[in-house]
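Have a look at the structure below, then the notes.
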Amino acid sequence: MLVMVLVGVLRHYATQLLNSVPKGHFKGVRESAALMRSRTLRSPAGGILPQSAFQARVRYLAAAFEKGAYLKNPNAGTGAAPNPMSDPAAMEGMMDMMKKNMAMIVPQTLIMSWITFFFSGFVIIKLPFPLTVRFKAMLQRGIETADMDVTWVSSLSWYFLNLFGLRSIFTLILGEDNAAGTDMNSMSAMGGMMPGMGAAQPMQQPSEVINMFKNEKELLELAQWEYGLKGVELRVLQMYGADVPGGDAGVPGSVTLNRKKRV
């Protein structure tokens, strides 16, 4: 158990050294920024622009979305599948995934080989509570004895119990976000991960991005301009306690300030 704790701590720091800083790619950032710019223009924040500037931006973005000027992969609409080996983001994600898997697999393989070679057939501990016969196959791996009590635990079974049961110990020593423990979900999904899936967010398919651009173009064409600074002077005066008898915020009227008398 002590050996597994020390190996887990070393694996945590080795994983931190192997982790690379994620790099931002210009085309991917430009693709996301174009969508954010269009959504901001359609929001009430676009009302601070004059009507001519608003309409000019709407026409420019709609034409850019129609031509696919901001697409990361301009040839995505042709139907040709992109080569994942030519994508720097996919290659970087694949290399990070391989480094993390190697940092997890190599130490566990060495420890399991060491335990199997030197302690094969050994009985380590005896549990202080009774168990049914169904737990025999789980607690007595490597021992082919039908008469032994179920409460005895073999060395190989003790290794697997520690492998998945030391998560709380590693959290106490290294904190919540540590790479020392072994998660069942990560091990089951380790073989099915594709290049680029190791990033913080799942990668979007080029066809999905094209549909998003088309939908954003239609929403831009339906957007209506409404001046957001209409009557802003009177609204500010009302905010600070001024009496505006004009009624309509867009019609200027006489303003009377309520000044408190000094005592």
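Numbering starts fresh at 1 for the residues of each chain in the structure tokens, the chains themselves are lettered A, B, ... in the order given, and ligands are numbered from 1 as they appear.
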(message) From a backbone DSSP assignment, name each residue in region 108-137 of chain A labelled alpha helix (DSSP H), as JSON, numbers by chain.
(response) {"A": [108, 109, 110, 111, 112, 113, 114, 115, 116, 117, 118, 136, 137]}
Export all heavy atoms of the chosen residues as an mmCIF file, in the first residue's frame?
data_model
loop_
_atom_site.group_PDB
_atom_site.id
_atom_site.type_symbol
_atom_site.label_atom_id
_atom_site.label_comp_id
_atom_site.auth_asym_id
_atom_site.auth_seq_id
_atom_site.Cartn_x
_atom_site.Cartn_y
_atom_site.Cartn_z
ATOM 1 N N GLN A 108 1.494 1.114 -13.342
ATOM 2 C CA GLN A 108 0.619 0.046 -12.882
ATOM 3 C C GLN A 108 1.064 -1.313 -13.416
ATOM 4 O O GLN A 108 0.957 -2.334 -12.716
ATOM 5 C CB GLN A 108 -0.824 0.332 -13.321
ATOM 6 C CG GLN A 108 -1.391 1.623 -12.769
ATOM 7 C CD GLN A 108 -1.400 1.657 -11.254
ATOM 8 O OE1 GLN A 108 -1.382 0.626 -10.595
ATOM 9 N NE2 GLN A 108 -1.429 2.858 -10.705
ATOM 10 N N THR A 109 1.568 -1.349 -14.626
ATOM 11 C CA THR A 109 2.056 -2.610 -15.181
ATOM 12 C C THR A 109 3.279 -3.107 -14.427
ATOM 13 O O THR A 109 3.403 -4.308 -14.128
ATOM 14 C CB THR A 109 2.388 -2.433 -16.669
ATOM 15 O OG1 THR A 109 1.234 -1.934 -17.359
ATOM 16 C CG2 THR A 109 2.817 -3.743 -17.293
ATOM 17 N N LEU A 110 4.194 -2.197 -14.084
ATOM 18 C CA LEU A 110 5.392 -2.593 -13.342
ATOM 19 C C LEU A 110 5.044 -3.083 -11.945
ATOM 20 O O LEU A 110 5.598 -4.093 -11.466
ATOM 21 C CB LEU A 110 6.363 -1.407 -13.274
ATOM 22 C CG LEU A 110 6.973 -0.955 -14.603
ATOM 23 C CD1 LEU A 110 7.855 0.262 -14.394
ATOM 24 C CD2 LEU A 110 7.763 -2.090 -15.243
ATOM 25 N N ILE A 111 4.131 -2.388 -11.265
ATOM 26 C CA ILE A 111 3.751 -2.802 -9.906
ATOM 27 C C ILE A 111 3.051 -4.159 -9.939
ATOM 28 O O ILE A 111 3.315 -5.037 -9.100
ATOM 29 C CB ILE A 111 2.853 -1.734 -9.264
ATOM 30 C CG1 ILE A 111 3.636 -0.444 -9.039
ATOM 31 C CG2 ILE A 111 2.311 -2.224 -7.929
ATOM 32 C CD1 ILE A 111 2.800 0.673 -8.472
ATOM 33 N N MET A 112 2.158 -4.348 -10.908
ATOM 34 C CA MET A 112 1.449 -5.622 -10.988
ATOM 35 C C MET A 112 2.409 -6.760 -11.311
ATOM 36 O O MET A 112 2.279 -7.874 -10.759
ATOM 37 C CB MET A 112 0.350 -5.520 -12.051
ATOM 38 C CG MET A 112 -0.560 -6.731 -12.102
ATOM 39 S SD MET A 112 -1.934 -6.488 -13.250
ATOM 40 C CE MET A 112 -2.761 -8.072 -13.107
ATOM 41 N N SER A 113 3.383 -6.522 -12.179
ATOM 42 C CA SER A 113 4.371 -7.563 -12.484
ATOM 43 C C SER A 113 5.229 -7.880 -11.270
ATOM 44 O O SER A 113 5.549 -9.059 -11.008
ATOM 45 C CB SER A 113 5.249 -7.117 -13.657
ATOM 46 O OG SER A 113 4.467 -6.831 -14.795
ATOM 47 N N TRP A 114 5.582 -6.855 -10.514
ATOM 48 C CA TRP A 114 6.388 -7.064 -9.309
ATOM 49 C C TRP A 114 5.623 -7.874 -8.259
ATOM 50 O O TRP A 114 6.169 -8.801 -7.648
ATOM 51 C CB TRP A 114 6.799 -5.695 -8.756
ATOM 52 C CG TRP A 114 7.476 -5.740 -7.422
ATOM 53 C CD1 TRP A 114 8.668 -6.345 -7.128
ATOM 54 C CD2 TRP A 114 6.992 -5.175 -6.206
ATOM 55 N NE1 TRP A 114 8.970 -6.175 -5.803
ATOM 56 C CE2 TRP A 114 7.957 -5.454 -5.209
ATOM 57 C CE3 TRP A 114 5.861 -4.447 -5.867
ATOM 58 C CZ2 TRP A 114 7.797 -5.043 -3.892
ATOM 59 C CZ3 TRP A 114 5.716 -4.020 -4.561
ATOM 60 C CH2 TRP A 114 6.661 -4.324 -3.590
ATOM 61 N N ILE A 115 4.355 -7.545 -8.066
ATOM 62 C CA ILE A 115 3.551 -8.272 -7.086
ATOM 63 C C ILE A 115 3.314 -9.707 -7.537
ATOM 64 O O ILE A 115 3.386 -10.655 -6.742
ATOM 65 C CB ILE A 115 2.222 -7.537 -6.860
ATOM 66 C CG1 ILE A 115 2.471 -6.195 -6.177
ATOM 67 C CG2 ILE A 115 1.271 -8.379 -6.017
ATOM 68 C CD1 ILE A 115 1.226 -5.352 -6.011
ATOM 69 N N THR A 116 3.049 -9.910 -8.811
ATOM 70 C CA THR A 116 2.788 -11.257 -9.312
ATOM 71 C C THR A 116 4.032 -12.139 -9.229
ATOM 72 O O THR A 116 3.949 -13.346 -8.934
ATOM 73 C CB THR A 116 2.288 -11.183 -10.763
ATOM 74 O OG1 THR A 116 1.144 -10.327 -10.822
ATOM 75 C CG2 THR A 116 1.895 -12.547 -11.278
ATOM 76 N N PHE A 117 5.205 -11.550 -9.470
ATOM 77 C CA PHE A 117 6.436 -12.344 -9.480
ATOM 78 C C PHE A 117 6.897 -12.694 -8.062
ATOM 79 O O PHE A 117 7.303 -13.830 -7.796
ATOM 80 C CB PHE A 117 7.531 -11.570 -10.216
ATOM 81 C CG PHE A 117 8.816 -12.332 -10.352
ATOM 82 C CD1 PHE A 117 8.951 -13.325 -11.326
ATOM 83 C CD2 PHE A 117 9.886 -12.073 -9.513
ATOM 84 C CE1 PHE A 117 10.134 -14.029 -11.445
ATOM 85 C CE2 PHE A 117 11.076 -12.775 -9.630
ATOM 86 C CZ PHE A 117 11.198 -13.760 -10.598
ATOM 87 N N PHE A 118 6.856 -11.739 -7.139
ATOM 88 C CA PHE A 118 7.410 -11.966 -5.810
ATOM 89 C C PHE A 118 6.371 -12.433 -4.789
ATOM 90 O O PHE A 118 6.721 -13.110 -3.826
ATOM 91 C CB PHE A 118 8.062 -10.679 -5.291
ATOM 92 C CG PHE A 118 9.348 -10.338 -5.970
ATOM 93 C CD1 PHE A 118 9.386 -9.388 -6.976
ATOM 94 C CD2 PHE A 118 10.530 -10.985 -5.632
ATOM 95 C CE1 PHE A 118 10.566 -9.075 -7.606
ATOM 96 C CE2 PHE A 118 11.726 -10.679 -6.263
ATOM 97 C CZ PHE A 118 11.746 -9.720 -7.264
ATOM 98 N N LYS A 136 -15.369 -14.563 -2.815
ATOM 99 C CA LYS A 136 -14.135 -15.356 -2.838
ATOM 100 C C LYS A 136 -13.325 -15.114 -4.103
ATOM 101 O O LYS A 136 -12.099 -14.968 -4.059
ATOM 102 C CB LYS A 136 -14.477 -16.845 -2.697
ATOM 103 C CG LYS A 136 -13.273 -17.748 -2.501
ATOM 104 C CD LYS A 136 -13.715 -19.173 -2.272
ATOM 105 C CE LYS A 136 -12.516 -20.080 -2.024
ATOM 106 N NZ LYS A 136 -11.794 -19.715 -0.782
ATOM 107 N N ALA A 137 -14.000 -15.048 -5.247
ATOM 108 C CA ALA A 137 -13.286 -14.832 -6.504
ATOM 109 C C ALA A 137 -12.676 -13.438 -6.573
ATOM 110 O O ALA A 137 -11.653 -13.243 -7.241
ATOM 111 C CB ALA A 137 -14.233 -15.049 -7.679
#
(message) If we count only C-alpha atoms and set the cut-off at 9 Å, which residues sit around Lys99 (chain A), ignoring sequence neighbours fewer than 3 positions away in its own chain? Please answer as a count of residues only.
(response) 9
(message) Given only C-alpha atoms as the basis, pick out the residue of A:Arg37, A:Lys126, A:Arg167, A:Lys100 nearest to Leu220 (chain A).
(response)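 When distances to Leu220 (chain A) are compared using only C-alpha atoms, the smallest one comes from A:Arg37.
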(request) Would you please work out which residue, of A:Met36, A:Leu166, A:Met97, A:Ala56, is nearest to Met1 (chain A) when using only C-alpha atoms? (result) A:Leu166
Considering only C-alpha atoms, give me a table of residues in region 68-181 of chain A that are at most 9 Å from region 3-13 of chain A, with the closest atom pair and distance in Å for each, as JSON lines.
{"residue": "A:Ala103", "atom": "CA", "partner": "A:Arg11", "partner_atom": "CA", "distance": 6.4}
{"residue": "A:Met104", "atom": "CA", "partner": "A:Arg11", "partner_atom": "CA", "distance": 7.2}
{"residue": "A:Pro107", "atom": "CA", "partner": "A:Val7", "partner_atom": "CA", "distance": 7.2}
{"residue": "A:Gln108", "atom": "CA", "partner": "A:Val7", "partner_atom": "CA", "distance": 8.8}
{"residue": "A:Ile111", "atom": "CA", "partner": "A:Met4", "partner_atom": "CA", "distance": 7.9}
{"residue": "A:Tyr159", "atom": "CA", "partner": "A:Met4", "partner_atom": "CA", "distance": 8.5}
{"residue": "A:Asn162", "atom": "CA", "partner": "A:Met4", "partner_atom": "CA", "distance": 7.7}
{"residue": "A:Leu163", "atom": "CA", "partner": "A:Met4", "partner_atom": "CA", "distance": 7.7}
{"residue": "A:Leu166", "atom": "CA", "partner": "A:Val5", "partner_atom": "CA", "distance": 7.7}
{"residue": "A:Ile169", "atom": "CA", "partner": "A:Val5", "partner_atom": "CA", "distance": 8.2}
{"residue": "A:Phe170", "atom": "CA", "partner": "A:Val5", "partner_atom": "CA", "distance": 7.6}
{"residue": "A:Ile173", "atom": "CA", "partner": "A:Val9", "partner_atom": "CA", "distance": 8.6}
{"residue": "A:Leu174", "atom": "CA", "partner": "A:Val9", "partner_atom": "CA", "distance": 7.8}
{"residue": "A:Asn178", "atom": "CA", "partner": "A:His12", "partner_atom": "CA", "distance": 6.2}
{"residue": "A:Ala179", "atom": "CA", "partner": "A:His12", "partner_atom": "CA", "distance": 4.6}
{"residue": "A:Ala180", "atom": "CA", "partner": "A:Gly8", "partner_atom": "CA", "distance": 4.4}
{"residue": "A:Gly181", "atom": "CA", "partner": "A:Gly8", "partner_atom": "CA", "distance": 6.6}
(request) Determine the nearest neighbour of Leu71 (chain A) from the options A:Pro130, A:Pro50, A:Gly231, A:Gly28, counting only C-alpha atoms. (result)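 Ranking A:Pro130, A:Pro50, A:Gly231, A:Gly28 by distance to Leu71 (chain A), first place goes to A:Gly28.
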Residue neighbourhood Thr151 (chain A), 8 Å, only C-alpha atoms, exclusion window fewer than 4 positions, as a tab-separated table (two decimals) with all heavy atoms, in the first residue's frame:
chain	number	residue	atom	x	y	z
A	126	LYS	N	-6.58	-10.34	6.75
A	126	LYS	CA	-7.85	-10.99	7.00
A	126	LYS	C	-8.86	-9.93	7.41
A	126	LYS	O	-8.61	-9.15	8.33
A	126	LYS	CB	-7.73	-12.04	8.10
A	126	LYS	CG	-9.04	-12.79	8.35
A	126	LYS	CD	-8.86	-13.86	9.42
A	126	LYS	CE	-10.17	-14.63	9.61
A	126	LYS	NZ	-10.06	-15.67	10.66
A	127	LEU	N	-9.97	-9.89	6.72
A	127	LEU	CA	-10.98	-8.89	7.00
A	127	LEU	C	-11.67	-9.18	8.32
A	127	LEU	O	-11.95	-10.34	8.65
A	127	LEU	CB	-12.01	-8.84	5.86
A	127	LEU	CG	-11.47	-8.51	4.48
A	127	LEU	CD1	-12.58	-8.56	3.44
A	127	LEU	CD2	-10.81	-7.13	4.47
A	128	PRO	N	-11.97	-8.14	9.11
A	128	PRO	CA	-12.56	-8.36	10.45
A	128	PRO	C	-14.06	-8.58	10.44
A	128	PRO	O	-14.68	-8.56	11.50
A	128	PRO	CB	-12.20	-7.07	11.19
A	128	PRO	CG	-12.15	-6.03	10.13
A	128	PRO	CD	-11.63	-6.72	8.89
A	129	PHE	N	-14.68	-8.79	9.29
A	129	PHE	CA	-16.12	-9.00	9.22
A	129	PHE	C	-16.40	-10.15	8.26
A	129	PHE	O	-15.64	-10.39	7.32
A	129	PHE	CB	-16.85	-7.73	8.75
A	129	PHE	CG	-16.21	-7.07	7.56
A	129	PHE	CD1	-16.54	-7.46	6.28
A	129	PHE	CD2	-15.29	-6.05	7.73
A	129	PHE	CE1	-15.95	-6.87	5.17
A	129	PHE	CE2	-14.70	-5.44	6.63
A	129	PHE	CZ	-15.04	-5.85	5.36
A	130	PRO	N	-17.47	-10.88	8.48
A	130	PRO	CA	-17.76	-12.04	7.61
A	130	PRO	C	-18.29	-11.63	6.25
A	130	PRO	O	-18.90	-10.57	6.09
A	130	PRO	CB	-18.82	-12.81	8.42
A	130	PRO	CG	-19.50	-11.76	9.24
A	130	PRO	CD	-18.43	-10.75	9.60
A	131	LEU	N	-18.05	-12.49	5.25
A	131	LEU	CA	-18.50	-12.25	3.89
A	131	LEU	C	-19.08	-13.54	3.33
A	131	LEU	O	-18.83	-14.64	3.84
A	131	LEU	CB	-17.34	-11.77	3.00
A	131	LEU	CG	-16.75	-10.40	3.32
A	131	LEU	CD1	-15.51	-10.17	2.48
A	131	LEU	CD2	-17.76	-9.30	3.08
A	139	LEU	N	-11.65	-11.57	-3.78
A	139	LEU	CA	-10.68	-11.33	-2.72
A	139	LEU	C	-9.53	-12.32	-2.70
A	139	LEU	O	-8.53	-12.07	-2.01
A	139	LEU	CB	-11.38	-11.36	-1.35
A	139	LEU	CG	-12.44	-10.30	-1.12
A	139	LEU	CD1	-13.06	-10.47	0.26
A	139	LEU	CD2	-11.86	-8.90	-1.25
(request) Tell me which of A:Pro44, A:Leu61, A:Ser168, A:Ala53 sits closest to Leu219 (chain A), counting only C-alpha atoms. (result) A:Leu61
(message) What's around Ala45 (chain A) at 12 Å? Count only C-alpha atoms, leave out sequence neighbours fewer than 3 positions away in its own chain, and write the answer as an MDAnalysis selection string.
(response) chainID A and resid 37:42 48:50 54 225:229
Those same residues, written as a CSV table (one decimal), in the first residue's frame with N, CA, C and O atoms?
chain,number,residue,atom,x,y,z
A,37,ARG,N,-19.3,37.7,-32.5
A,37,ARG,CA,-19.5,39.0,-33.0
A,37,ARG,C,-20.9,39.2,-33.5
A,37,ARG,O,-21.6,40.2,-33.3
A,38,SER,N,-21.4,38.2,-34.3
A,38,SER,CA,-22.7,38.2,-34.8
A,38,SER,C,-23.8,38.2,-33.7
A,38,SER,O,-24.8,39.0,-33.8
A,39,ARG,N,-23.6,37.4,-32.7
A,39,ARG,CA,-24.6,37.3,-31.6
A,39,ARG,C,-24.6,38.6,-30.8
A,39,ARG,O,-25.6,39.1,-30.3
A,40,THR,N,-23.4,39.2,-30.6
A,40,THR,CA,-23.4,40.5,-29.9
A,40,THR,C,-24.0,41.6,-30.7
A,40,THR,O,-24.7,42.5,-30.2
A,41,LEU,N,-23.9,41.6,-32.1
A,41,LEU,CA,-24.6,42.6,-32.9
A,41,LEU,C,-26.1,42.4,-32.8
A,41,LEU,O,-26.8,43.4,-32.9
A,42,ARG,N,-26.6,41.2,-32.7
A,42,ARG,CA,-28.0,41.0,-32.6
A,42,ARG,C,-28.6,41.3,-31.2
A,42,ARG,O,-29.8,41.4,-31.1
A,48,ILE,N,-26.4,50.5,-29.6
A,48,ILE,CA,-25.6,51.7,-29.4
A,48,ILE,C,-25.0,52.2,-30.7
A,48,ILE,O,-24.5,53.3,-30.8
A,49,LEU,N,-25.0,51.4,-31.7
A,49,LEU,CA,-24.5,51.8,-33.0
A,49,LEU,C,-25.6,52.6,-33.8
A,49,LEU,O,-26.8,52.4,-33.6
A,50,PRO,N,-25.1,53.5,-34.6
A,50,PRO,CA,-26.1,54.2,-35.5
A,50,PRO,C,-26.7,53.2,-36.5
A,50,PRO,O,-26.1,52.1,-36.7
A,54,PHE,N,-25.0,49.8,-38.1
A,54,PHE,CA,-25.6,48.5,-37.8
A,54,PHE,C,-25.9,47.7,-39.1
A,54,PHE,O,-25.6,46.5,-39.2
A,225,TRP,N,-33.1,46.9,-36.1
A,225,TRP,CA,-32.3,47.9,-35.3
A,225,TRP,C,-33.2,48.7,-34.4
A,225,TRP,O,-34.3,49.2,-34.9
A,226,GLU,N,-32.8,48.9,-33.2
A,226,GLU,CA,-33.5,49.8,-32.3
A,226,GLU,C,-32.5,50.6,-31.5
A,226,GLU,O,-31.7,50.0,-30.8
A,227,TYR,N,-32.6,51.9,-31.6
A,227,TYR,CA,-31.5,52.8,-31.0
A,227,TYR,C,-31.6,52.6,-29.5
A,227,TYR,O,-32.6,52.9,-28.9
A,228,GLY,N,-30.5,52.2,-28.9
A,228,GLY,CA,-30.5,51.9,-27.5
A,228,GLY,C,-30.2,53.2,-26.6
A,228,GLY,O,-30.4,53.1,-25.4
A,229,LEU,N,-29.8,54.3,-27.2
A,229,LEU,CA,-29.4,55.5,-26.5
A,229,LEU,C,-30.5,56.5,-26.6
A,229,LEU,O,-30.3,57.7,-26.3
